[in-house]
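Engineer: model-v3.tsv (TSV, C-alpha atoms) pasted underneath:
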chain	number	residue	atom	x	y	z
D	1320	MET	CA	13.27	27.74	16.54
D	1321	LEU	CA	10.41	25.48	15.43
D	1322	SER	CA	9.79	25.29	11.71
D	1323	LEU	CA	6.54	26.61	10.27
D	1324	ALA	CA	5.66	23.01	9.42
D	1325	VAL	CA	5.42	22.33	13.14
D	1326	LEU	CA	3.75	25.64	14.06
D	1327	ALA	CA	1.12	25.38	11.32
D	1328	LEU	CA	-0.41	22.18	12.63
D	1329	ALA	CA	-1.36	22.03	16.28
D	1330	GLY	CA	-0.19	18.70	17.70
D	1331	ALA	CA	1.34	17.54	14.41
D	1332	ALA	CA	5.13	17.62	14.47
D	1333	PHE	CA	7.14	16.73	11.39
D	1334	GLY	CA	8.95	13.41	11.32
D	1335	ALA	CA	8.91	9.99	9.74
D	1336	SER	CA	5.34	8.78	9.13
D	1337	ASN	CA	6.16	5.55	10.97
D	1338	GLY	CA	7.85	7.33	13.88
D	1339	LYS	CA	11.27	5.72	13.29
D	1340	PRO	CA	14.34	7.87	14.05
D	1341	LEU	CA	17.01	8.53	11.45
D	1342	PRO	CA	20.22	6.50	11.82
D	1343	PRO	CA	23.49	8.35	12.49
D	1344	SER	CA	24.31	10.61	9.55
D	1345	THR	CA	27.00	9.54	7.12
D	1346	ASP	CA	28.27	10.80	3.75
D	1347	SER	CA	27.71	7.39	2.09
D	1348	PHE	CA	24.21	5.94	2.29
D	1349	ASP	CA	21.27	4.51	0.37
D	1350	PHE	CA	17.67	5.66	0.42
D	1351	ILE	CA	14.59	4.48	-1.45
D	1352	ALA	CA	12.05	6.62	-3.32
D	1353	LEU	CA	8.62	5.26	-4.22
D	1354	GLY	CA	5.02	6.38	-4.52
D	1355	ASP	CA	1.38	5.62	-5.28
D	1356	ASN	CA	0.69	2.31	-3.58
D	1357	ARG	CA	-3.05	2.83	-3.00
D	1358	PRO	CA	-5.49	0.01	-3.86
D	1359	VAL	CA	-7.91	0.23	-6.75
D	1360	GLY	CA	-11.01	0.93	-4.64
D	1361	ALA	CA	-12.36	2.06	-1.28
D	1362	GLY	CA	-11.96	-0.27	1.69
D	1363	LEU	CA	-9.58	-2.65	-0.04
D	1364	PRO	CA	-6.46	-3.83	1.81
D	1365	PRO	CA	-2.90	-2.78	0.88
D	1366	THR	CA	-1.92	-4.31	-2.45
D	1367	PRO	CA	0.24	-7.44	-2.76
D	1368	ILE	CA	2.66	-5.39	-4.88
D	1369	PHE	CA	3.21	-2.90	-2.06
D	1370	ARG	CA	3.60	-5.66	0.53
D	1371	SER	CA	6.26	-7.26	-1.67
D	1372	ILE	CA	8.06	-3.94	-2.17
D	1373	LEU	CA	8.08	-3.29	1.58
D	1374	GLN	CA	9.64	-6.71	2.17
D	1375	ASP	CA	12.37	-5.82	-0.34
D	1376	VAL	CA	12.85	-2.45	1.36
D	1377	ALA	CA	13.21	-4.14	4.75
D	1378	ASN	CA	15.93	-6.46	3.44
D	1379	LEU	CA	17.75	-3.71	1.56
D	1380	GLY	CA	17.77	-1.70	4.80
D	1381	PRO	CA	18.16	1.86	3.46
D	1382	ALA	CA	18.78	4.84	5.71
D	1383	PHE	CA	15.21	5.98	4.99
D	1384	VAL	CA	12.34	5.87	2.48
D	1385	LEU	CA	10.82	8.86	0.68
D	1386	SER	CA	7.22	8.29	-0.44
D	1387	SER	CA	5.44	10.64	-2.84
D	1388	GLY	CA	2.01	9.81	-1.48
D	1389	ASP	CA	-1.35	8.18	-2.21
D	1390	ILE	CA	-0.76	5.49	0.41
D	1391	VAL	CA	-4.52	4.86	0.92
D	1392	PHE	CA	-7.57	5.06	-1.35
D	1393	GLY	CA	-9.30	7.80	0.65
D	1394	ASN	CA	-10.89	10.15	-1.86
D	1395	ASP	CA	-14.70	10.30	-1.35
D	1396	GLU	CA	-15.11	7.31	0.97
D	1397	PRO	CA	-16.64	7.54	4.49
D	1398	ILE	CA	-14.31	8.62	7.29
D	1399	GLU	CA	-14.70	5.23	9.02
D	1400	THR	CA	-13.34	3.48	5.91
D	1401	TYR	CA	-10.53	6.02	5.69
D	1402	ARG	CA	-9.54	5.35	9.31
D	1403	SER	CA	-9.38	1.60	8.74
D	1404	GLU	CA	-7.23	2.07	5.62
D	1405	CYS	CA	-4.85	4.37	7.51
D	1406	GLU	CA	-4.60	1.83	10.31
D	1407	ALA	CA	-3.78	-0.99	7.88
D	1408	ILE	CA	-1.10	0.93	6.00
D	1409	LYS	CA	0.44	2.27	9.20
D	1410	GLY	CA	0.74	-1.27	10.50
D	1411	LEU	CA	2.82	-2.14	7.44
D	1412	ILE	CA	5.16	0.85	7.42
D	1413	ASP	CA	5.61	0.64	11.21
D	1414	GLY	CA	7.18	-2.79	10.59
D	1415	LEU	CA	10.02	-1.35	8.51
D	1416	PRO	CA	13.45	-1.11	10.16
D	1417	CYS	CA	13.93	2.41	8.76
D	1418	PRO	CA	12.11	5.78	8.72
D	1419	PHE	CA	9.35	6.16	6.10
D	1420	TYR	CA	8.55	9.77	5.12
D	1421	ASN	CA	5.30	10.27	3.21
D	1422	ALA	CA	4.41	13.45	1.30
D	1423	PRO	CA	0.60	13.16	1.23
D	1424	GLY	CA	-1.25	12.78	-2.04
D	1425	ASN	CA	-4.71	13.83	-3.16
D	1426	HIS	CA	-6.17	10.49	-2.05
D	1427	GLU	CA	-5.02	11.05	1.56
D	1428	ILE	CA	-6.39	14.60	1.85
D	1429	ALA	CA	-9.00	15.00	-0.94
D	1430	GLU	CA	-9.79	18.59	0.20
D	1431	ARG	CA	-11.57	17.13	3.26
D	1432	LYS	CA	-10.92	18.67	6.68
D	1433	GLU	CA	-11.73	15.43	8.50
D	1434	PHE	CA	-9.20	13.53	6.35
D	1435	TYR	CA	-6.55	16.19	6.97
D	1436	ALA	CA	-7.10	15.98	10.74
D	1437	GLU	CA	-7.01	12.17	10.74
D	1438	TYR	CA	-3.93	12.04	8.54
D	1439	THR	CA	-1.89	14.49	10.61
D	1440	LYS	CA	-2.92	12.74	13.85
D	1441	ARG	CA	-1.60	9.41	12.55
D	1442	PHE	CA	1.31	10.39	10.31
D	1443	GLY	CA	2.43	13.86	11.45
D	1444	ALA	CA	2.83	17.18	9.67
D	1445	THR	CA	2.31	17.28	5.92
D	1446	PHE	CA	5.56	19.13	5.16
D	1447	GLY	CA	8.97	19.60	6.78
D	1448	SER	CA	12.66	18.87	6.29
D	1449	PHE	CA	15.63	16.98	7.67
D	1450	LYS	CA	19.35	16.83	6.98
D	1451	PHE	CA	21.41	13.72	6.25
D	1452	GLY	CA	24.97	13.55	5.01
D	1453	LYS	CA	25.74	16.68	2.99
D	1454	TRP	CA	22.11	16.98	1.91
D	1455	LYS	CA	18.84	18.57	2.98
D	1456	PHE	CA	15.67	16.58	2.26
D	1457	ILE	CA	12.45	18.59	1.97
D	1458	GLU	CA	8.99	17.03	2.12
D	1459	ILE	CA	6.46	19.28	0.39
D	1460	SER	CA	2.68	19.02	0.47
D	1461	THR	CA	0.87	19.70	-2.80
D	1462	GLU	CA	-2.42	18.91	-1.02
D	1463	GLU	CA	-2.95	21.65	1.60
D	1464	LEU	CA	-6.64	22.43	2.02
D	1465	GLY	CA	-7.76	24.92	-0.60
D	1466	ALA	CA	-4.50	24.74	-2.55
D	1467	SER	CA	-4.45	21.30	-4.21
D	1468	PRO	CA	-2.92	20.57	-6.65
D	1469	GLY	CA	-0.34	23.17	-5.72
D	1470	ILE	CA	1.64	24.72	-2.90
D	1471	SER	CA	-0.19	27.13	-0.62
D	1472	ASP	CA	1.02	30.69	0.03
D	1473	ALA	CA	1.89	29.86	3.65
D	1474	GLU	CA	3.87	26.80	2.59
D	1475	LEU	CA	5.65	28.79	-0.14
D	1476	GLY	CA	6.94	31.19	2.51
D	1477	TRP	CA	8.22	28.27	4.57
D	1478	LEU	CA	9.75	26.63	1.48
D	1479	ASN	CA	11.55	29.81	0.46
D	1480	ASN	CA	13.24	29.84	3.85
D	1481	GLU	CA	14.16	26.14	3.60
D	1482	LEU	CA	15.73	26.71	0.17
D	1483	SER	CA	17.87	29.61	1.39
D	1484	SER	CA	20.42	27.36	3.08
D	1485	PRO	CA	23.52	26.47	1.02
D	1486	GLU	CA	23.54	22.64	1.01
D	1487	PRO	CA	22.35	20.59	-2.00
D	1488	LYS	CA	18.74	19.53	-1.70
D	1489	VAL	CA	16.33	16.73	-2.52
D	1490	VAL	CA	12.61	17.54	-2.60
D	1491	PHE	CA	9.72	15.09	-2.70
D	1492	HIS	CA	6.01	15.69	-3.18
D	1493	HIS	CA	2.92	14.14	-4.77
D	1494	HIS	CA	1.82	16.17	-7.81
D	1495	PRO	CA	4.71	16.65	-10.27
D	1496	LEU	CA	6.06	19.98	-11.47
D	1497	PHE	CA	6.59	18.64	-14.98
D	1498	THR	CA	4.03	16.10	-16.15
D	1499	ARG	CA	4.64	13.26	-18.56
D	1500	LYS	CA	3.77	14.27	-22.12
D	1501	GLY	CA	1.47	11.26	-22.45
D	1502	ASN	CA	-0.57	12.26	-19.39
D	1503	ASP	CA	-3.34	14.69	-20.34
D	1504	GLU	CA	-5.28	14.40	-17.06
D	1505	THR	CA	-6.64	17.76	-15.91
D	1506	GLY	CA	-4.79	18.88	-12.80
D	1507	ALA	CA	-2.05	16.28	-13.20
D	1508	GLY	CA	0.67	18.75	-12.21
D	1509	VAL	CA	1.33	21.49	-9.65
D	1510	LYS	CA	-0.70	24.53	-10.76
D	1511	ASN	CA	1.91	27.07	-9.61
D	1512	HIS	CA	4.74	25.01	-11.09
D	1513	ASP	CA	6.54	27.91	-12.81
D	1514	MET	CA	7.01	29.74	-9.52
D	1515	VAL	CA	8.07	26.59	-7.68
D	1516	ALA	CA	10.46	25.48	-10.44
D	1517	ALA	CA	12.15	28.89	-10.29
D	1518	MET	CA	12.53	28.50	-6.53
D	1519	TYR	CA	14.09	25.07	-6.98
D	1520	LYS	CA	16.55	26.46	-9.54
D	1521	THR	CA	17.84	29.20	-7.24
D	1522	GLY	CA	17.58	27.07	-4.09
D	1523	ASN	CA	20.20	24.46	-5.06
D	1524	VAL	CA	17.69	21.65	-5.56
D	1525	LYS	CA	19.38	18.78	-7.38
D	1526	TYR	CA	16.70	16.05	-7.37
D	1527	ALA	CA	12.90	15.97	-7.16
D	1528	PHE	CA	10.90	12.77	-6.52
D	1529	GLN	CA	7.21	13.00	-7.40
D	1530	GLY	CA	4.15	10.78	-7.90
D	1531	HIS	CA	0.48	10.98	-8.93
D	1532	ASP	CA	1.17	9.60	-12.43
D	1533	HIS	CA	1.46	5.82	-11.98
D	1534	VAL	CA	4.61	5.42	-14.06
D	1535	PHE	CA	8.38	5.79	-13.99
D	1536	ASN	CA	9.47	8.99	-15.74
D	1537	HIS	CA	12.68	11.02	-15.75
D	1538	GLN	CA	13.11	14.58	-17.03
D	1539	THR	CA	15.81	17.22	-16.62
D	1540	HIS	CA	14.92	20.91	-16.30
D	1541	ASP	CA	17.36	23.70	-15.40
D	1542	GLY	CA	19.92	21.09	-14.36
D	1543	ILE	CA	17.50	19.49	-11.87
D	1544	GLU	CA	16.64	15.80	-12.19
D	1545	TYR	CA	12.89	15.25	-11.88
D	1546	TYR	CA	11.68	11.69	-11.29
D	1547	ILE	CA	8.09	10.50	-11.26
D	1548	THR	CA	8.04	7.25	-9.30
D	1549	GLY	CA	4.39	6.23	-9.10
D	1550	GLY	CA	4.67	2.46	-9.41
D	1551	ALA	CA	4.42	1.11	-5.87
D	1552	GLY	CA	1.14	-0.75	-6.34
D	1553	ALA	CA	-1.62	1.56	-7.62
D	1554	PRO	CA	-3.19	0.78	-11.03
D	1555	LEU	CA	-0.69	1.69	-13.74
D	1556	ASP	CA	-1.30	4.63	-16.08
D	1557	ALA	CA	0.71	3.61	-19.13
D	1558	ALA	CA	2.17	0.75	-21.12
D	1559	PRO	CA	5.53	-0.65	-19.95
D	1560	GLU	CA	7.44	1.11	-22.73
D	1561	GLU	CA	6.01	4.42	-21.45
D	1562	GLY	CA	7.10	3.74	-17.88
D	1563	GLY	CA	4.04	1.80	-16.73
D	1564	PHE	CA	5.61	-0.86	-14.52
D	1565	PHE	CA	5.62	-1.53	-10.79
D	1566	HIS	CA	8.88	-0.36	-9.25
D	1567	PHE	CA	10.81	1.56	-6.63
D	1568	LEU	CA	14.04	3.57	-6.86
D	1569	VAL	CA	17.25	2.75	-5.03
D	1570	VAL	CA	19.30	5.93	-4.58
D	1571	HIS	CA	22.96	5.60	-3.59
D	1572	VAL	CA	24.67	8.72	-2.26
D	1573	THR	CA	28.41	9.14	-1.80
D	1574	GLY	CA	29.22	12.68	-0.70
D	1575	ASP	CA	27.73	14.87	-3.43
D	1576	LYS	CA	27.51	12.05	-6.00
D	1577	VAL	CA	24.17	10.31	-6.58
D	1578	GLU	CA	23.25	7.12	-8.47
D	1579	ILE	CA	19.58	6.28	-9.07
D	1580	ASN	CA	18.42	2.82	-10.16
D	1581	PRO	CA	14.80	1.79	-10.89
D	1582	ILE	CA	14.13	-1.69	-9.49
D	1583	PRO	CA	11.11	-3.55	-10.89
D	1584	ALA	CA	8.80	-5.05	-8.29
D	1585	GLY	CA	9.52	-8.77	-7.96
D	1586	ALA	CA	13.16	-8.40	-9.01
D	1587	ILE	CA	14.41	-9.81	-5.69
D	1588	GLN	CA	13.90	-13.53	-4.98
D	1589	LEU	CA	14.96	-14.99	-1.63
D	1590	THR	CA	15.08	-18.80	-1.35
D	1591	PRO	CA	15.91	-20.41	2.02
D	1592	ILE	CA	18.34	-23.33	2.02
D	1593	PRO	CA	19.66	-25.34	5.00
D	1594	ASN	CA	21.53	-22.81	7.16
D	1595	GLY	CA	21.59	-20.20	4.43
D	1596	LEU	CA	19.84	-18.35	1.64
D	1597	ILE	CA	19.95	-17.90	-2.13
D	1598	VAL	CA	19.50	-14.31	-3.29
D	1599	GLY	CA	18.26	-13.93	-6.85
D	1600	ASN	CA	18.81	-10.43	-8.23
D	1601	TYR	CA	16.72	-10.04	-11.39
D	1602	SER	CA	17.35	-6.30	-11.75
D	1603	ASP	CA	20.01	-4.72	-13.95
D	1604	PHE	CA	22.00	-3.34	-11.02
D	1605	ASP	CA	24.07	-4.37	-8.02
D	1606	LEU	CA	21.83	-4.47	-4.96
D	1607	HIS	CA	23.36	-3.65	-1.59
D	1608	PHE	CA	21.51	-5.40	1.22
D	1609	HIS	CA	22.22	-3.60	4.49
D	1610	HIS	CA	19.67	-5.57	6.51
D	1611	LEU	CA	19.22	-8.99	4.88
D	1612	SER	CA	17.34	-11.36	7.20
D	1613	VAL	CA	18.47	-15.00	7.06
D	1614	PRO	CA	16.68	-17.58	9.25
D	1615	CYS	CA	19.00	-20.20	10.76
D	1616	ALA	CA	19.11	-22.97	13.34
D	1617	GLY	CA	21.07	-20.97	15.89
D	1618	LYS	CA	23.34	-17.97	16.34
D	1619	PRO	CA	26.01	-18.24	13.60
D	1620	SER	CA	29.71	-17.52	14.11
D	1621	GLY	CA	30.11	-16.05	10.63
D	1622	ALA	CA	28.93	-16.08	7.03
D	1623	SER	CA	30.27	-16.59	3.52
D	1624	ALA	CA	28.76	-15.82	0.12
D	1625	LYS	CA	29.45	-16.55	-3.52
D	1626	SER	CA	27.84	-15.64	-6.80
D	1627	VAL	CA	27.65	-18.10	-9.68
D	1628	LYS	CA	27.12	-17.03	-13.28
D	1629	LYS	CA	27.87	-19.04	-16.43
D	1630	LYS	CA	30.00	-21.53	-14.48
D	1631	SER	CA	32.05	-18.67	-13.03
D	1632	THR	CA	32.13	-18.39	-9.24
D	1633	LYS	CA	32.92	-15.15	-7.44
D	1634	GLU	CA	33.40	-14.72	-3.71
D	1635	ILE	CA	31.11	-12.00	-2.30
D	1636	PRO	CA	32.17	-9.99	0.78
D	1637	VAL	CA	29.58	-10.41	3.53
D	1638	LYS	CA	29.28	-9.08	7.09
D	1639	LEU	CA	27.28	-10.50	9.96
D	1640	VAL	CA	25.88	-7.26	11.43
D	1641	GLY	CA	23.25	-8.48	13.88
D	1642	GLY	CA	20.52	-10.93	14.65
D	1643	GLY	CA	18.13	-12.13	17.29
D	1644	GLU	CA	16.04	-14.98	18.60
D	1645	ALA	CA	12.25	-15.09	18.61
D	1646	ASN	CA	9.78	-17.94	19.06
D	1647	GLY	CA	12.57	-20.49	19.33
D	1648	SER	CA	14.31	-19.60	16.06
D	1649	TYR	CA	17.21	-17.31	15.19
D	1650	THR	CA	17.44	-14.73	12.40
D	1651	ALA	CA	20.83	-13.42	11.29
D	1652	ILE	CA	21.17	-9.95	9.73
D	1653	LEU	CA	23.73	-9.67	6.94
D	1654	ASP	CA	25.31	-6.90	4.85
D	1655	LEU	CA	26.35	-7.79	1.29
D	1656	THR	CA	26.03	-6.73	-2.33
D	1657	ALA	CA	24.33	-9.12	-4.76
D	1658	PRO	CA	25.33	-8.75	-8.43
D	1659	PRO	CA	22.62	-8.64	-11.11
D	1660	HIS	CA	21.34	-11.55	-13.20
D	1661	ALA	CA	22.90	-14.20	-10.98
D	1662	PRO	CA	22.19	-16.18	-7.81
D	1663	THR	CA	24.18	-15.38	-4.67
D	1664	PHE	CA	24.58	-18.33	-2.31
D	1665	ILE	CA	24.89	-17.46	1.40
D	1666	GLU	CA	26.10	-19.98	3.96
D	1667	LEU	CA	26.09	-19.36	7.71
D	1668	SER	CA	28.80	-20.93	9.86
D	1669	PRO	CA	27.61	-22.74	13.00
What do you get writing this file as structure tokens?
Structural biologist:
Amino acid sequence: MLSLAVLALAGAAFGASNGKPLPPSTDSFDFIALGDNRPVGAGLPPTPIFRSILQDVANLGPAFVLSSGDIVFGNDEPIETYRSECEAIKGLIDGLPCPFYNAPGNHEIAERKEFYAEYTKRFGATFGSFKFGKWKFIEISTEELGASPGISDAELGWLNNELSSPEPKVVFHHHPLFTRKGNDETGAGVKNHDMVAAMYKTGNVKYAFQGHDHVFNHQTHDGIEYYITGGAGAPLDAAPEEGGFFHFLVVHVTGDKVEINPIPAGAIQLTPIPNGLIVGNYSDFDLHFHHLSVPCAGKPSGASAKSVKKKSTKEIPVKLVGGGEANGSYTAILDLTAPPHAPTFIELSP
């Protein structure tokens, strides 16, 4: 039976906003959560911060990306400008090797019917769900026409059904249920948040990823972990000590266990060397690269890696998982984990 998310929007089926299929399901996987990458004004191109983050996402190679919206400026601009912004951002996310799911923000929809029609034509339905591993992932729209910032009555009925299944759940949407105390913007949060929070509590929701506030913020309510991850390139809303820094979240799932690490934008430095690469990990966490692209002279027979820190050298397990030739050059795809605060030297065997 088709979900209401599909039935509600003629010609707009739910799926990844870049059309990429999910990889085969597994109980151990990584995904990335991010949000709010819009530029500062109408008609401006995607920000350098977001381009950099997408390059990091491509090399990390997660199973999928969850975006909490505001991917274009939109708002009150002419529809022609909106179309060109959508085209530019779609060109970027289409280049990712993994599915990119976007829960639309107020800048994408802006209570404008023509924006809603254009958005759903390009990116698909505004809400829906999918299963991966032991989990259900639910994309929720807080921007349905006439309901923003909140969840419409029709969508609430659909959501209640989605939450009735027994598996643990992750939800993601634009406006947050619980706003940051330092954010006094009118309409910063979901207006029917009490009702929705109660539904999450009884519906086995474990994690919520949200945006709109351009910060990193973490709160716990009723045993549910609520993250605001609004630092993917839009102008920041707070000082660094209040969460105002550009970032994305790497989420590692093993069965029913979840680890969430905020990664500052620019924390990954890749430096080509003859027949290899140096990976600089400037974050505070191990970074697992599932899809690290390494240019080389020809198809390699293998790879080795080592990390060097304070004159101590450590061998790093590395797998050659793929590659290909284009325009006369070869690119190898590697799988390895780079430790924090140290360079990892990768050498490809001829």
Engineer: Name the residues within 12 Å of (22.6, -24.2, 1.4), counting all atoms listed in the file in the file's coordinates, and put them as a PyMOL selection string.
Structural biologist: chain D and resi 1590-1598+1613-1615+1622-1625+1663-1668
Engineer: At most 6 Å is the cut-off: for each residue in region 1529-1556 of chain D with any atom that close to an atom of region 1493-1501 of chain D, write down the nearest atom pair and the distance in Å rounded to one decimal, counting all atoms listed in the file, chain first then increasing number, as a tab-separated table.
Structural biologist:
residue	atom	partner	partner_atom	distance
D:Gln1529	CA	D:His1493	CA	5.2
D:Gly1530	CA	D:His1493	CA	4.8
D:His1531	CA	D:His1494	CA	5.5
Engineer: Rounded to one decimal place, report the CA of Phe1535 (chain D)-CA of Pro1381 (chain D) distance in Å.
Structural biologist: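 Computed distance, CA of Phe1535 (chain D) to CA of Pro1381 (chain D), equals 20.4 Å.
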Engineer: Please provide the set of residues having any atom within 12 Å of Ala1361 (chain D), restricted to all atoms listed in the file, with same-chain residues fewer than 4 positions apart removed, written as a list in words.
Structural biologist: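 Selected residues are Arg1357, Pro1365, Val1391, Phe1392, Gly1393, Asn1394, Asp1395, Glu1396, Pro1397, Ile1398, Glu1399, Thr1400, Tyr1401, Arg1402, Ser1403, Glu1404, Cys1405, His1426 and Glu1427 of chain D.
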Engineer: Keeping only C-alpha atoms, take the residues you just selected and write them out as a PDB file, in the coordinates of the input.
Structural biologist:
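What follows is the written file again.pdb:
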ATOM      1  CA  ARG D1357      -3.050   2.830  -3.000  1.00  0.00           C
ATOM      2  CA  PRO D1365      -2.900  -2.780   0.880  1.00  0.00           C
ATOM      3  CA  VAL D1391      -4.520   4.860   0.920  1.00  0.00           C
ATOM      4  CA  PHE D1392      -7.570   5.060  -1.350  1.00  0.00           C
ATOM      5  CA  GLY D1393      -9.300   7.800   0.650  1.00  0.00           C
ATOM      6  CA  ASN D1394     -10.890  10.150  -1.860  1.00  0.00           C
ATOM      7  CA  ASP D1395     -14.700  10.300  -1.350  1.00  0.00           C
ATOM      8  CA  GLU D1396     -15.110   7.310   0.970  1.00  0.00           C
ATOM      9  CA  PRO D1397     -16.640   7.540   4.490  1.00  0.00           C
ATOM     10  CA  ILE D1398     -14.310   8.620   7.290  1.00  0.00           C
ATOM     11  CA  GLU D1399     -14.700   5.230   9.020  1.00  0.00           C
ATOM     12  CA  THR D1400     -13.340   3.480   5.910  1.00  0.00           C
ATOM     13  CA  TYR D1401     -10.530   6.020   5.690  1.00  0.00           C
ATOM     14  CA  ARG D1402      -9.540   5.350   9.310  1.00  0.00           C
ATOM     15  CA  SER D1403      -9.380   1.600   8.740  1.00  0.00           C
ATOM     16  CA  GLU D1404      -7.230   2.070   5.620  1.00  0.00           C
ATOM     17  CA  CYS D1405      -4.850   4.370   7.510  1.00  0.00           C
ATOM     18  CA  HIS D1426      -6.170  10.490  -2.050  1.00  0.00           C
ATOM     19  CA  GLU D1427      -5.020  11.050   1.560  1.00  0.00           C
TER      20      GLU D1427
END
Engineer: What's the 12 Å shell around Ala1517 (chain D), counting all atoms listed in the file, without same-chain residues fewer than 4 positions away, as a PyMOL selection string?
Structural biologist: chain D and resi 1479+1482+1496+1511-1513+1521-1524+1540-1543
Engineer: Keeping only C-alpha atoms, write the selected residues to a file as a JSON list (two decimals), in the frame of the given file.
Structural biologist:
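Output (part03.json):
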[["chain", "number", "residue", "atom", "x", "y", "z"],
["D", 1479, "ASN", "CA", 11.55, 29.81, 0.46],
["D", 1482, "LEU", "CA", 15.73, 26.71, 0.17],
["D", 1496, "LEU", "CA", 6.06, 19.98, -11.47],
["D", 1511, "ASN", "CA", 1.91, 27.07, -9.61],
["D", 1512, "HIS", "CA", 4.74, 25.01, -11.09],
["D", 1513, "ASP", "CA", 6.54, 27.91, -12.81],
["D", 1521, "THR", "CA", 17.84, 29.20, -7.24],
["D", 1522, "GLY", "CA", 17.58, 27.07, -4.09],
["D", 1523, "ASN", "CA", 20.20, 24.46, -5.06],
["D", 1524, "VAL", "CA", 17.69, 21.65, -5.56],
["D", 1540, "HIS", "CA", 14.92, 20.91, -16.30],
["D", 1541, "ASP", "CA", 17.36, 23.70, -15.40],
["D", 1542, "GLY", "CA", 19.92, 21.09, -14.36],
["D", 1543, "ILE", "CA", 17.50, 19.49, -11.87]]
Engineer: Near Asp1349 (chain D), counting only C-alpha atoms, which residues have an atom at most 9 Å away, once you skip same-chain residues fewer than 2 positions from it, shown as a list of chain:residue names?
Structural biologist: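 Close residues of Asp1349 (chain D): D:Ser1347, D:Ile1351, D:Gly1380, D:Pro1381, D:Ala1382, D:Phe1383, D:Val1569, D:Val1570, D:His1571, D:Val1572, D:Thr1573, D:His1607.
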Engineer: Got a sec: who's within 12 Å of Thr1345 (chain D), counting all atoms listed in the file, leaving out chain neighbours fewer than 6 positions off, as an NGL selection string?
Structural biologist: :D and (1382 or 1450-1454 or 1572-1575)
Engineer: Work out how far apart CA of Ile1408 (chain D) and CA of Phe1442 (chain D) are and give it in Å to one decimal.
Structural biologist: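 Going from CA of Ile1408 (chain D) over to CA of Phe1442 (chain D), I get 10.7 Å.
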Engineer: Nearest residue to Ala1422 (chain D) out of D:Gly1354, D:Gly1362, D:Gly1621, D:Gly1476, using only C-alpha atoms?
Structural biologist: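 The answer is D:Gly1354, which sits nearest to Ala1422 (chain D).
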Engineer: Within 6 Å of (13.6, 14.1, -2.3), all atoms listed in the file: residues as a ChimeraX atom specification?
Structural biologist: /D:1456,1489-1491,1527-1528
Engineer: Can you measure CA of Ser1484 (chain D) to CA of Ile1459 (chain D) for me? One decimal in Å is fine.
Structural biologist: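 Computing the Euclidean distance for CA of Ser1484 (chain D) and CA of Ile1459 (chain D) yields 16.4 Å.
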Engineer: If we count all atoms listed in the file, what is near Ala1331 (chain D) at a cut-off of 8 Å, once residues fewer than 6 positions away on the same chain are taken out, given as a PyMOL selection string?
Structural biologist: chain D and resi 1325+1439-1440+1443-1444
Engineer: Using all atoms listed in the file, pick whichever of D:Ile1582, D:Leu1363, D:Ala1557, D:Ala1651 has the shortest atom-to-atom distance to Asp1603 (chain D).
Structural biologist: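 Comparing D:Ile1582, D:Leu1363, D:Ala1557, D:Ala1651 against Asp1603 (chain D), the winner is D:Ile1582.
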Engineer: Return region 1376-1386 of chain D, completed with N, CA and C atoms, as a short mmCIF file (atom, residue, chain, number, x, y, z; two decimals), keeping the file's coordinate frame.
Structural biologist:
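Just written: out_2.cif:
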data_model
loop_
_atom_site.label_atom_id
_atom_site.label_comp_id
_atom_site.auth_asym_id
_atom_site.auth_seq_id
_atom_site.Cartn_x
_atom_site.Cartn_y
_atom_site.Cartn_z
N VAL D 1376 12.28 -3.61 0.67
CA VAL D 1376 12.85 -2.45 1.36
C VAL D 1376 13.45 -2.86 2.71
N ALA D 1377 12.72 -3.70 3.45
CA ALA D 1377 13.21 -4.14 4.75
C ALA D 1377 14.54 -4.87 4.62
N ASN D 1378 14.69 -5.72 3.63
CA ASN D 1378 15.93 -6.46 3.44
C ASN D 1378 17.05 -5.58 2.91
N LEU D 1379 16.72 -4.63 2.05
CA LEU D 1379 17.75 -3.71 1.56
C LEU D 1379 18.24 -2.79 2.68
N GLY D 1380 17.36 -2.47 3.62
CA GLY D 1380 17.77 -1.70 4.80
C GLY D 1380 18.35 -0.34 4.51
N PRO D 1381 17.64 0.52 3.75
CA PRO D 1381 18.16 1.86 3.46
C PRO D 1381 18.16 2.73 4.70
N ALA D 1382 18.80 3.89 4.60
CA ALA D 1382 18.78 4.84 5.71
C ALA D 1382 17.36 5.35 5.95
N PHE D 1383 16.59 5.52 4.87
CA PHE D 1383 15.21 5.98 4.99
C PHE D 1383 14.51 5.79 3.65
N VAL D 1384 13.19 5.96 3.67
CA VAL D 1384 12.34 5.87 2.48
C VAL D 1384 11.62 7.19 2.29
N LEU D 1385 11.60 7.68 1.05
CA LEU D 1385 10.82 8.86 0.68
C LEU D 1385 9.64 8.40 -0.18
N SER D 1386 8.43 8.66 0.28
CA SER D 1386 7.22 8.29 -0.44
C SER D 1386 6.54 9.55 -0.98
#
